[in-house]
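Data block for structure-v1.cif (mmCIF, C-alpha atoms and all ligand atoms):
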```cif
data_coords
loop_
_atom_site.label_atom_id
_atom_site.label_comp_id
_atom_site.auth_asym_id
_atom_site.auth_seq_id
_atom_site.Cartn_x
_atom_site.Cartn_y
_atom_site.Cartn_z
CA MET B 1 108.61 91.99 64.94
CA SER B 2 108.15 92.78 61.28
CA VAL B 3 110.57 95.71 60.96
CA ASP B 4 113.80 96.32 62.82
CA TRP B 5 113.34 100.05 63.42
CA ILE B 6 110.55 99.59 65.98
CA THR B 7 112.45 99.15 69.23
CA ARG B 8 111.27 98.87 72.78
CA ALA B 9 112.02 101.48 75.43
CA ASP B 10 114.99 100.85 77.71
CA ARG B 11 112.67 100.69 80.70
CA LEU B 12 111.37 97.34 79.47
CA SER B 13 114.82 95.80 79.13
CA ALA B 14 115.58 96.95 82.69
CA LEU B 15 113.18 94.29 83.94
CA PRO B 16 114.66 90.98 85.05
CA PRO B 17 113.45 87.90 83.15
CA TYR B 18 110.19 86.52 84.35
CA VAL B 19 110.70 83.13 86.02
CA PHE B 20 106.99 82.42 85.66
CA ALA B 21 107.35 82.32 81.88
CA ARG B 22 109.33 79.04 81.85
CA LEU B 23 106.95 77.58 84.38
CA ASP B 24 103.97 78.60 82.23
CA GLU B 25 105.51 76.90 79.23
CA LEU B 26 105.98 73.67 81.18
CA LYS B 27 102.47 73.91 82.59
CA ALA B 28 101.07 74.21 79.07
CA ARG B 29 103.11 71.18 77.94
CA ALA B 30 101.96 69.13 80.94
CA ARG B 31 98.33 70.01 80.21
CA GLU B 32 98.73 68.94 76.58
CA GLN B 33 99.97 65.57 77.83
CA GLY B 34 96.76 65.25 79.83
CA ILE B 35 98.46 65.63 83.22
CA ASP B 36 96.03 66.72 85.95
CA LEU B 37 97.80 69.86 87.17
CA ILE B 38 97.37 70.94 90.76
CA ASP B 39 98.26 74.59 90.48
CA LEU B 40 99.46 75.98 93.79
CA GLY B 41 101.70 78.43 91.99
CA MET B 42 99.63 81.59 91.86
CA GLY B 43 98.23 83.70 94.66
CA ASN B 44 94.81 83.41 93.09
CA PRO B 45 92.05 82.58 95.60
CA ASP B 46 89.53 79.89 94.63
CA GLY B 47 85.82 80.40 94.92
CA PHE B 48 83.26 83.18 94.80
CA ALA B 49 83.24 86.77 95.95
CA PRO B 50 80.82 87.30 98.88
CA GLN B 51 77.16 87.12 97.84
CA GLU B 52 76.62 90.65 99.24
CA ALA B 53 79.26 91.98 96.84
CA ILE B 54 77.73 90.13 93.88
CA ASP B 55 74.24 91.42 94.77
CA ALA B 56 75.53 95.00 95.09
CA ALA B 57 77.22 94.75 91.69
CA ILE B 58 74.08 93.35 90.03
CA ALA B 59 71.94 96.13 91.53
CA ALA B 60 74.44 98.68 90.20
CA PHE B 61 74.38 97.07 86.74
CA GLU B 62 70.63 97.84 86.70
CA THR B 63 71.19 101.52 87.49
CA ALA B 64 71.94 103.93 84.64
CA GLN B 65 74.13 106.31 86.67
CA PHE B 66 76.73 103.60 87.26
CA HIS B 67 77.33 102.98 83.57
CA GLY B 68 79.17 106.22 82.83
CA TYR B 69 82.73 107.18 83.67
CA PRO B 70 83.34 106.85 87.38
CA PRO B 71 84.83 109.82 89.26
CA PHE B 72 88.66 109.91 88.89
CA GLU B 73 89.17 109.82 92.62
CA GLY B 74 86.77 106.92 93.21
CA THR B 75 83.17 107.15 94.35
CA ALA B 76 82.55 109.12 97.54
CA SER B 77 80.66 106.21 99.07
CA PHE B 78 83.50 103.69 98.51
CA ARG B 79 86.01 106.13 100.00
CA LYS B 80 83.74 106.60 102.97
CA ALA B 81 83.45 102.81 103.34
CA ILE B 82 87.26 102.59 103.35
CA ALA B 83 87.50 105.20 106.12
CA THR B 84 84.80 103.44 108.14
CA TRP B 85 86.54 100.07 107.72
CA TYR B 86 89.84 101.57 108.83
CA LYS B 87 88.29 103.11 111.89
CA ARG B 88 86.61 99.86 112.84
CA ARG B 89 89.64 97.71 112.13
CA TYR B 90 92.55 99.88 113.35
CA ALA B 91 90.91 102.79 115.23
CA VAL B 92 92.64 105.11 112.73
CA GLU B 93 90.75 108.19 111.48
CA LEU B 94 91.16 108.88 107.76
CA ASN B 95 89.85 111.75 105.70
CA PRO B 96 87.99 109.87 102.96
CA ASP B 97 88.60 112.68 100.45
CA SER B 98 92.34 113.14 100.79
CA GLU B 99 93.66 110.07 102.61
CA ALA B 100 92.03 107.24 100.65
CA LEU B 101 92.25 106.48 96.94
CA PRO B 102 90.59 103.50 95.24
CA LEU B 103 92.82 101.58 92.82
CA LEU B 104 92.40 99.13 89.95
CA GLY B 105 93.92 96.50 92.23
CA SER B 106 96.80 97.34 94.51
CA LYS B 107 99.43 96.09 92.03
CA GLU B 108 98.53 98.97 89.74
CA GLY B 109 98.93 101.51 92.54
CA LEU B 110 102.16 100.01 93.89
CA ALA B 111 103.76 100.27 90.45
CA HIS B 112 102.32 103.68 89.54
CA LEU B 113 103.39 105.16 92.86
CA ALA B 114 106.97 104.59 91.74
CA LEU B 115 106.28 106.42 88.47
CA ALA B 116 104.87 109.33 90.47
CA TYR B 117 107.83 109.56 92.88
CA VAL B 118 110.96 108.05 91.36
CA ASN B 119 113.33 109.83 88.99
CA PRO B 120 115.77 107.73 86.93
CA GLY B 121 118.73 106.90 89.13
CA ASP B 122 116.92 107.36 92.46
CA THR B 123 117.59 104.68 95.05
CA VAL B 124 114.66 102.55 96.15
CA LEU B 125 114.99 100.03 98.96
CA VAL B 126 113.23 96.71 98.46
CA PRO B 127 113.53 93.55 100.53
CA SER B 128 114.49 90.35 98.76
CA PRO B 129 112.42 88.23 98.43
CA ALA B 130 109.52 90.59 97.68
CA TYR B 131 106.25 90.74 95.80
CA PRO B 132 107.38 91.48 92.21
CA ALA B 133 105.47 94.80 91.86
CA HIS B 134 107.59 96.21 94.70
CA PHE B 135 110.73 96.10 92.56
CA ARG B 136 109.37 95.92 89.02
CA GLY B 137 107.39 99.16 89.44
CA PRO B 138 110.46 101.12 90.60
CA LEU B 139 112.58 99.48 87.86
CA ILE B 140 110.15 100.71 85.21
CA ALA B 141 110.55 104.19 86.71
CA GLY B 142 114.34 103.91 86.34
CA ALA B 143 115.16 103.33 90.00
CA LYS B 144 118.38 101.87 91.28
CA ILE B 145 117.18 99.06 93.53
CA HIS B 146 119.05 98.37 96.74
CA GLU B 147 118.03 94.89 97.85
CA ILE B 148 117.71 94.21 101.55
CA ILE B 149 118.37 90.49 101.75
CA LEU B 150 116.03 88.87 104.27
CA LYS B 151 117.25 86.00 106.43
CA PRO B 152 115.46 83.01 107.89
CA GLU B 153 117.49 83.49 111.10
CA GLN B 154 115.70 86.83 111.50
CA ASP B 155 112.34 85.35 110.64
CA TRP B 156 112.47 87.27 107.33
CA VAL B 157 112.02 90.60 109.10
CA ILE B 158 114.05 93.54 107.70
CA ASP B 159 117.17 94.32 109.73
CA LEU B 160 117.49 98.09 109.25
CA SER B 161 121.02 98.05 110.63
CA THR B 162 122.20 96.16 107.53
CA ILE B 163 121.35 99.13 105.28
CA PRO B 164 124.58 101.08 104.80
CA GLU B 165 124.40 104.65 106.12
CA GLU B 166 125.14 106.22 102.72
CA VAL B 167 122.44 104.10 101.05
CA ALA B 168 119.89 105.05 103.71
CA LYS B 169 120.76 108.73 103.27
CA LYS B 170 120.12 108.78 99.55
CA ALA B 171 117.20 106.31 99.47
CA LYS B 172 113.89 107.78 98.40
CA ILE B 173 111.42 104.99 99.18
CA LEU B 174 111.30 101.76 101.17
CA TYR B 175 108.74 99.18 100.05
CA PHE B 176 107.81 96.55 102.62
CA ASN B 177 105.08 94.00 103.24
CA TYR B 178 104.04 92.27 106.49
CA PRO B 179 102.37 89.78 106.62
CA SER B 180 104.65 88.93 103.74
CA ASN B 181 104.15 87.36 100.38
CA PRO B 182 106.10 85.14 99.72
CA THR B 183 107.73 84.40 103.10
CA THR B 184 104.49 84.44 105.18
CA ALA B 185 106.49 86.34 107.82
CA THR B 186 104.87 88.80 110.16
CA ALA B 187 106.68 91.72 111.79
CA PRO B 188 106.18 92.72 115.42
CA ARG B 189 104.74 96.14 116.23
CA SER B 190 108.17 97.12 117.51
CA PHE B 191 109.51 96.73 113.95
CA PHE B 192 106.89 99.16 112.66
CA GLU B 193 107.88 101.67 115.36
CA GLU B 194 111.53 101.22 114.46
CA VAL B 195 110.98 101.65 110.72
CA VAL B 196 108.94 104.84 111.22
CA GLU B 197 111.67 106.33 113.37
CA TRP B 198 114.33 105.22 110.87
CA ALA B 199 112.39 106.69 107.93
CA HIS B 200 112.01 110.05 109.67
CA LYS B 201 115.72 110.08 110.44
CA TYR B 202 116.86 109.25 106.89
CA GLN B 203 113.96 111.00 105.15
CA VAL B 204 112.69 107.92 103.33
CA MET B 205 109.09 107.55 102.22
CA LEU B 206 107.47 104.32 103.45
CA VAL B 207 105.26 102.18 101.24
CA HIS B 208 103.66 99.38 103.19
CA ASP B 209 101.70 96.65 101.42
CA LEU B 210 99.08 95.28 103.82
CA CYS B 211 97.18 93.14 101.39
CA TYR B 212 96.99 90.30 103.95
CA ALA B 213 95.39 92.58 106.55
CA GLU B 214 92.72 90.00 107.35
CA LEU B 215 94.25 86.66 106.43
CA SER B 216 95.73 85.89 109.82
CA PHE B 217 95.34 82.97 112.20
CA ASP B 218 95.48 81.86 115.81
CA GLY B 219 94.42 85.29 117.10
CA TYR B 220 97.24 87.22 115.40
CA LYS B 221 96.24 90.68 114.12
CA PRO B 222 98.49 92.37 111.53
CA THR B 223 99.72 95.90 112.26
CA SER B 224 98.92 98.92 110.10
CA LEU B 225 101.66 101.46 109.43
CA LEU B 226 99.06 104.15 110.09
CA GLU B 227 98.51 102.95 113.66
CA ILE B 228 102.08 103.93 114.47
CA PRO B 229 102.60 107.53 115.60
CA GLY B 230 104.31 109.43 112.76
CA GLY B 231 103.49 106.74 110.18
CA ASN B 232 100.90 108.82 108.35
CA GLU B 233 103.38 111.73 107.99
CA ILE B 234 105.76 109.78 105.79
CA GLY B 235 103.94 106.80 104.40
CA VAL B 236 101.10 105.12 102.62
CA GLU B 237 99.58 101.67 102.90
CA PHE B 238 98.12 99.50 100.15
CA HIS B 239 95.14 97.19 100.52
CA THR B 240 93.29 94.86 98.22
CA LEU B 241 89.90 93.19 97.97
CA SER B 242 91.51 90.38 95.95
CA LYS B 243 92.52 88.03 98.73
CA THR B 244 90.17 88.26 101.71
CA TYR B 245 87.09 88.67 99.55
CA ASN B 246 88.02 86.38 96.61
CA MET B 247 87.75 89.38 94.28
CA ALA B 248 91.09 89.10 92.44
CA GLY B 249 89.42 89.24 89.03
CA TRP B 250 87.35 92.29 89.91
CA ARG B 251 90.46 94.49 90.11
CA VAL B 252 89.83 96.65 93.13
CA GLY B 253 92.04 97.83 95.95
CA PHE B 254 92.98 101.08 97.61
CA VAL B 255 95.76 103.14 99.13
CA VAL B 256 95.45 105.07 102.37
CA GLY B 257 97.77 107.35 104.31
CA ASN B 258 99.57 110.61 103.78
CA ALA B 259 97.43 113.02 101.75
CA ASP B 260 100.35 114.64 99.89
CA ILE B 261 101.83 111.30 98.85
CA ILE B 262 98.41 110.12 97.67
CA GLN B 263 97.91 113.36 95.74
CA GLY B 264 100.98 112.58 93.58
CA LEU B 265 99.57 109.18 92.69
CA ARG B 266 96.13 110.67 92.03
CA THR B 267 97.62 113.26 89.66
CA LEU B 268 99.49 110.59 87.71
CA LYS B 269 96.45 108.31 87.51
CA THR B 270 94.21 111.14 86.32
CA ASN B 271 96.37 111.05 83.19
CA LEU B 272 96.37 107.27 82.80
CA ASP B 273 92.99 105.79 83.69
CA TYR B 274 89.40 106.60 84.55
CA GLY B 275 89.23 104.64 87.76
CA ILE B 276 87.18 101.59 88.62
CA PHE B 277 83.78 100.70 87.17
CA SER B 278 81.32 102.14 89.71
CA ALA B 279 79.42 98.85 89.98
CA ILE B 280 82.61 97.21 91.22
CA GLN B 281 83.15 100.00 93.73
CA LYS B 282 79.62 99.30 95.00
CA ALA B 283 80.55 95.63 95.39
CA ALA B 284 83.79 96.50 97.18
CA GLU B 285 81.88 98.78 99.51
CA ALA B 286 79.50 95.93 100.36
CA ALA B 287 82.44 93.60 101.01
CA LEU B 288 84.15 96.01 103.41
CA GLY B 289 80.89 96.33 105.30
CA LEU B 290 80.57 92.60 105.96
CA PRO B 291 80.48 91.53 109.61
CA ASP B 292 83.52 89.98 111.29
CA SER B 293 81.87 86.55 111.01
CA TYR B 294 82.59 86.59 107.26
CA ILE B 295 86.29 87.22 107.88
CA GLN B 296 86.38 84.52 110.54
CA GLY B 297 85.02 82.02 108.00
CA VAL B 298 87.76 82.96 105.53
CA GLN B 299 90.46 82.70 108.20
CA GLU B 300 89.17 79.32 109.29
CA ARG B 301 89.24 78.01 105.73
CA TYR B 302 92.88 79.00 105.19
CA ARG B 303 93.93 77.87 108.66
CA GLU B 304 92.57 74.37 107.97
CA ARG B 305 94.42 74.26 104.67
CA ARG B 306 97.62 75.51 106.28
CA ASP B 307 97.44 72.83 108.95
CA ALA B 308 96.62 70.05 106.46
CA LEU B 309 99.52 70.96 104.17
CA ILE B 310 102.00 71.30 107.05
CA GLU B 311 100.91 67.90 108.36
CA ALA B 312 101.18 66.21 104.95
CA LEU B 313 104.62 67.74 104.32
CA GLY B 314 105.63 66.64 107.79
CA GLU B 315 105.12 63.02 106.74
CA ILE B 316 107.77 63.37 104.03
CA GLY B 317 110.44 65.07 106.07
CA TRP B 318 109.49 68.75 106.16
CA ASN B 319 109.26 70.56 109.46
CA ILE B 320 107.36 73.79 108.85
CA LYS B 321 106.40 76.25 111.54
CA PRO B 322 102.73 77.28 111.27
CA SER B 323 102.51 80.67 109.56
CA LYS B 324 100.57 83.36 111.40
CA ALA B 325 99.14 84.89 108.25
CA THR B 326 98.77 84.90 104.43
CA MET B 327 97.52 82.21 102.06
CA TYR B 328 100.88 80.52 101.44
CA LEU B 329 103.45 78.19 102.87
CA TRP B 330 107.12 79.09 102.40
CA VAL B 331 108.78 75.73 102.01
CA PRO B 332 112.55 75.10 102.01
CA CYS B 333 113.82 73.12 99.02
CA PRO B 334 115.69 69.86 99.54
CA PRO B 335 119.23 71.11 100.28
CA SER B 336 120.53 69.38 97.15
CA MET B 337 118.41 71.48 94.74
CA ASN B 338 117.83 75.13 93.89
CA SER B 339 114.31 76.51 93.80
CA THR B 340 113.82 76.50 90.02
CA ASP B 341 115.12 72.94 89.64
CA PHE B 342 112.97 71.76 92.52
CA ALA B 343 109.81 73.48 91.20
CA LEU B 344 110.39 72.04 87.71
CA TYR B 345 111.11 68.57 89.07
CA VAL B 346 107.95 68.60 91.18
CA LEU B 347 105.90 69.76 88.20
CA ARG B 348 107.33 67.13 85.87
CA THR B 349 106.98 64.21 88.27
CA THR B 350 103.69 65.06 90.04
CA GLY B 351 101.86 67.81 88.13
CA VAL B 352 101.93 70.03 91.23
CA VAL B 353 102.80 73.65 90.48
CA VAL B 354 104.75 75.60 93.10
CA THR B 355 106.57 78.90 92.63
CA PRO B 356 110.36 78.98 92.88
CA GLY B 357 111.48 81.47 95.54
CA SER B 358 113.93 83.02 93.08
CA ALA B 359 110.92 84.52 91.24
CA PHE B 360 110.72 86.93 94.19
CA GLY B 361 114.38 87.96 94.08
CA ALA B 362 117.73 86.44 94.96
CA GLY B 363 116.81 86.35 98.66
CA GLY B 364 114.09 83.81 97.88
CA GLU B 365 116.53 81.18 96.59
CA GLY B 366 116.34 77.87 98.42
CA TYR B 367 112.56 78.06 98.96
CA VAL B 368 109.36 77.51 97.05
CA ARG B 369 106.01 79.12 97.72
CA MET B 370 102.89 76.97 97.86
CA SER B 371 99.50 78.70 97.74
CA LEU B 372 96.66 77.45 99.91
CA ILE B 373 94.23 77.82 97.02
CA ALA B 374 92.81 74.29 96.90
CA PRO B 375 90.54 72.42 99.30
CA VAL B 376 92.13 70.33 102.06
CA ASP B 377 91.55 67.03 100.21
CA ARG B 378 93.30 68.25 97.10
CA LEU B 379 96.25 69.59 99.09
CA ARG B 380 96.61 66.18 100.78
CA TYR B 381 96.31 64.47 97.41
CA ALA B 382 99.05 66.71 95.98
CA ILE B 383 101.46 65.66 98.73
CA SER B 384 100.48 62.00 98.35
CA LEU B 385 101.73 62.34 94.76
CA TRP B 386 105.02 63.74 96.06
CA LYS B 387 105.32 60.79 98.41
CA LYS B 388 104.70 58.34 95.57
CA ALA B 389 107.30 60.12 93.41
CA GLY B 390 109.89 59.84 96.19
CA ILE B 391 109.98 63.57 96.87
CA ARG B 392 111.22 64.18 100.40
CA PHE B 393 112.98 67.06 102.12
CA ASP B 394 116.09 64.88 102.45
CA MET B 395 116.02 63.55 98.88
CA SER B 396 119.17 63.75 96.82
CA ALA B 397 119.22 65.64 93.54
CA PRO B 398 117.77 63.65 90.63
CA ASP B 399 120.24 62.91 87.82
CA ASN B 400 118.59 64.45 84.79
CA HIS B 401 116.85 67.77 85.02
C1 LIG E 501 98.09 89.56 95.87
C2 LIG E 501 98.97 90.68 96.28
C3 LIG E 501 98.64 91.99 95.93
C4 LIG E 501 97.29 92.22 95.32
O1 LIG E 501 97.24 92.68 94.15
P1 LIG E 501 95.89 93.19 93.51
O2 LIG E 501 96.46 93.96 92.37
O3 LIG E 501 95.20 94.09 94.49
O4 LIG E 501 95.08 92.02 93.11
C5 LIG E 501 99.42 93.03 96.36
N1 LIG E 501 100.52 92.79 97.12
C6 LIG E 501 100.84 91.56 97.50
C7 LIG E 501 102.01 91.35 98.40
C8 LIG E 501 100.08 90.46 97.08
O5 LIG E 501 100.42 89.23 97.46
#
```
What do you get writing this file as structure tokens?
Ligand SMILES: *Cc1c(COP(=O)(O)O)cnc(C)c1O
Amino acid sequence: MSVDWITRADRLSALPPYVFARLDELKARAREQGIDLIDLGMGNPDGFAPQEAIDAAIAAFETAQFHGYPPFEGTASFRKAIATWYKRRYAVELNPDSEALPLLGSKEGLAHLALAYVNPGDTVLVPSPAYPAHFRGPLIAGAKIHEIILKPEQDWVIDLSTIPEEVAKKAKILYFNYPSNPTTATAPRSFFEEVVEWAHKYQVMLVHDLCYAELSFDGYKPTSLLEIPGGNEIGVEFHTLSKTYNMAGWRVGFVVGNADIIQGLRTLKTNLDYGIFSAIQKAAEAALGLPDSYIQGVQERYRERRDALIEALGEIGWNIKPSKATMYLWVPCPPSMNSTDFALYVLRTTGVVVTPGSAFGAGGEGYVRMSLIAPVDRLRYAISLWKKAGIRFDMSAPDNH
């Protein structure tokens, strides 16, 4: 900075350092050295959005009315498509005017919701590990985060009984996410019933991130918070077009659920943005209207990748239980190494990028997340490089790192 009297707001220094930054630096250096990186670090799907979505966007580009400011609250037809999708998928009736709000990607809404509801010093409950927006959004709003440490022995499902009574009483919001990024865990319907009852008892608002609503395998169907009696009275649920429909770059998602909670977010956003380009809302609408066969194709693609990566890792000492959902594997580090050291070692010796679990909070230590964002052959190739480099689950820690 050129002068010393321009200083950043405290809310920025409240954010923990970004583990991805060091990884990015090393990735850049590896690329400069001509290393062929296999980047399984990000949750960024490979490939095209559905042709129907692309066609709908192109048609909208050719229509003058879509070039102006979109309505603040999202187009009526996209909101109606959201309500129709919800009805079809979960048999839940939503009022498209008050109970659905399109977002510039769900990350935006997850973070802004905290700004709309959290006063500095308020307690927000967030599992650890968690998707970064679930704690970084509240931190920006000045929240005191109470981490609920998740445990492999409990299949990474929140144990509500570990939340101290006095913390539960003063908590304002609980963020949670099943199927989970990064752990790939799913929670049984009984957990959703339990958490709704718990939230009513302690008067805690529920924020459920269901961005892997459709990326599930082997017949498993994720649960919506809004299917649970009482869920819509105290909670909202976030969805995205980024993952299922390969539309991460298009920036479109939505929140559904309690009308009053959504109204707070809508009021805040009216002051911050103008909503989503209408042509993209047209595309999103087309995507949500696709037949189940499209979703089945997506599920099949990720299931094949999951199985191939589990099999390849199995050959070098890893024993990983098939995940029921998401586009990741949650892989324990060799016991001799922490997650950052392991991720950096793997990058340096093989050019394969994985994300250290600690990037998702202290509860993610001891694991790395691998994204299923490359074709089966490339995933197998990545693990063949590990094998060649002597990387095994039972390897001992390398000397110099
Ligand atoms: C990918 C992801 C999102 C999606 O973010 P968008 O902003 O909609 O692209 C939200 N939550 C979780 C847990 C994710 O993994």
### Task
For segment 55-65 of chain B, work out the shell of residues within 12 Å, counting all atoms listed in the file and skipping chain neighbours fewer than 5 positions away, then give it as a list in words.
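The residues that qualify are Ala49, Pro50, Pro70, Pro71, Thr75, Trp250, Phe277, Ser278, Ala279, Ile280, Gln281, Lys282, Ala283, Ala284, Glu285, Ala286, Ala287 and Gly289 of chain B.
With distances restricted to all atoms listed in the file, B:Glu233 is the closest residue to Ile262 of chain B from B:Asp307, B:Asp399, B:Asp155, B:Glu233.
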### Task
Just give me the gap between atom CA of Tyr345 of chain B and atom CA of Leu313 of chain B in Å, one decimal is fine.
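Separation between atom CA of Tyr345 of chain B and atom CA of Leu313 of chain B: 16.6 Å.
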### Task
Just give me the gap between atom CA of Gly366 of chain B and atom CA of Asn338 of chain B in Å, one decimal is fine.
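Value for the atom CA of Gly366 of chain B-atom CA of Asn338 of chain B distance: 5.5 Å.
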### Message
List as an MDAnalysis selection string the protein and nucleic acid residues lying within 8 Å of ligand LIG 501 (chain E), with only C-alpha atoms and all ligand atoms counted.
### Response
chainID B and resid 43:44 104:110 130:131 133 177 180:182 209:212 238:243 247:249 251:254
### Task
List every protein, DNA or RNA residue that has an atom no more than 12 Å from (119.4, 98.4, 109.3) in the file's coordinate frame, counting all atoms listed in the file, and report them as a PyMOL selection string.
chain B and resi 125+127+148-150+157-168+174+191+194-195+197-199+202
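Pairwise distance (atom CA of Phe192 of chain B, atom CA of Ile320 of chain B) equals 25.7 Å.
Between Arg29 of chain B and the candidates B:Arg8, B:Arg348, B:His200, B:Arg392, the tightest atom-to-atom separation, counting all atoms listed in the file, involves B:Arg348.
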### Counting only C-alpha atoms, the residue of B:Asp341, B:Ile145, B:Pro229, B:Ser216 that sits nearest Arg301 of chain B
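Closest candidate: B:Ser216.
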### Message
Which residues are near Leu290 of chain B? Cut-off 12 Å, all atoms listed in the file, ignore same chain within fewer than 6 positions. Put them as an NGL selection string.
### Response
:B and (49-53 or 81 or 84-85 or 88 or 244-245 or 283-284 or 296-297)
### Query
Using only C-alpha atoms, which of B:Thr184, B:Thr349, B:Asn258, B:Asn246 sits nearest Phe48 of chain B?
B:Asn246
### Expected answer as a VMD selection string: all residues with atoms within 10 Å of (102.6, 73.2, 91.4), all atoms listed in the file
chain B and resid 23 27 37 to 42 343 to 348 350 to 356 368 to 371 382
### Message
Just checking: using only C-alpha atoms, which residue out of B:Pro120, B:Pro45, B:Gly275, B:Pro322 ends up closest to Pro102 of chain B?
### Response
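Between B:Pro120, B:Pro45, B:Gly275, B:Pro322, the residue approaching Pro102 of chain B most closely is B:Gly275.
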### Message
With only C-alpha atoms as the counted atoms, please give the residues lying no more than 8 Å from Asn95 of chain B, apart from itself and same-chain residues fewer than 4 positions off, as a PyMOL selection string.
### Response
chain B and resi 83+99-100
### Message
List the spatial neighbours of Gly357 of chain B as a ChimeraX atom specification - criterion: any atom at most 6 Å away, only C-alpha atoms, same-chain residues fewer than 5 positions off excluded.
### Response
/B:339,364-365,367-368
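In terms of minimum interatomic distance to Arg89 of chain B, B:Ala213 ranks closest within B:Ala213, B:Leu268, B:Ile54, B:Ile310, counting all atoms listed in the file.
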Provide segment 125-130 of chain B rebuilt to all heavy atoms, formatted as a PDB file, in the coordinates of the input.
```
ATOM      1  N   LEU B 125     114.658 101.197  98.140  1.00  0.00           N
ATOM      2  CA  LEU B 125     114.990 100.030  98.960  1.00  0.00           C
ATOM      3  C   LEU B 125     113.874  99.006  98.872  1.00  0.00           C
ATOM      4  O   LEU B 125     112.704  99.353  99.093  1.00  0.00           O
ATOM      5  CB  LEU B 125     115.170 100.444 100.420  1.00  0.00           C
ATOM      6  CG  LEU B 125     116.229 101.506 100.704  1.00  0.00           C
ATOM      7  CD1 LEU B 125     116.166 101.941 102.167  1.00  0.00           C
ATOM      8  CD2 LEU B 125     117.602 100.949 100.382  1.00  0.00           C
ATOM      9  N   VAL B 126     114.232  97.778  98.554  1.00  0.00           N
ATOM     10  CA  VAL B 126     113.230  96.710  98.460  1.00  0.00           C
ATOM     11  C   VAL B 126     113.807  95.449  99.087  1.00  0.00           C
ATOM     12  O   VAL B 126     114.930  95.050  98.760  1.00  0.00           O
ATOM     13  CB  VAL B 126     112.840  96.413  96.990  1.00  0.00           C
ATOM     14  CG1 VAL B 126     111.673  95.448  96.942  1.00  0.00           C
ATOM     15  CG2 VAL B 126     112.501  97.684  96.237  1.00  0.00           C
ATOM     16  N   PRO B 127     113.057  94.825  99.991  1.00  0.00           N
ATOM     17  CA  PRO B 127     113.530  93.550 100.530  1.00  0.00           C
ATOM     18  C   PRO B 127     113.622  92.499  99.435  1.00  0.00           C
ATOM     19  O   PRO B 127     112.979  92.616  98.396  1.00  0.00           O
ATOM     20  CB  PRO B 127     112.459  93.160 101.547  1.00  0.00           C
ATOM     21  CG  PRO B 127     111.654  94.387 101.779  1.00  0.00           C
ATOM     22  CD  PRO B 127     111.758  95.212 100.535  1.00  0.00           C
ATOM     23  N   SER B 128     114.427  91.485  99.668  1.00  0.00           N
ATOM     24  CA  SER B 128     114.490  90.350  98.760  1.00  0.00           C
ATOM     25  C   SER B 128     114.467  89.091  99.632  1.00  0.00           C
ATOM     26  O   SER B 128     115.330  88.955 100.482  1.00  0.00           O
ATOM     27  CB  SER B 128     115.770  90.407  97.934  1.00  0.00           C
ATOM     28  OG  SER B 128     115.868  89.279  97.105  1.00  0.00           O
ATOM     29  N   PRO B 129     113.455  88.217  99.462  1.00  0.00           N
ATOM     30  CA  PRO B 129     112.420  88.230  98.430  1.00  0.00           C
ATOM     31  C   PRO B 129     111.325  89.267  98.685  1.00  0.00           C
ATOM     32  O   PRO B 129     111.108  89.675  99.817  1.00  0.00           O
ATOM     33  CB  PRO B 129     111.841  86.811  98.528  1.00  0.00           C
ATOM     34  CG  PRO B 129     112.009  86.422  99.962  1.00  0.00           C
ATOM     35  CD  PRO B 129     113.314  87.046 100.366  1.00  0.00           C
ATOM     36  N   ALA B 130     110.643  89.648  97.591  1.00  0.00           N
ATOM     37  CA  ALA B 130     109.520  90.590  97.680  1.00  0.00           C
ATOM     38  C   ALA B 130     108.492  90.262  96.613  1.00  0.00           C
ATOM     39  O   ALA B 130     108.786  89.587  95.618  1.00  0.00           O
ATOM     40  CB  ALA B 130     110.026  92.014  97.485  1.00  0.00           C
TER      41      ALA B 130
END
```
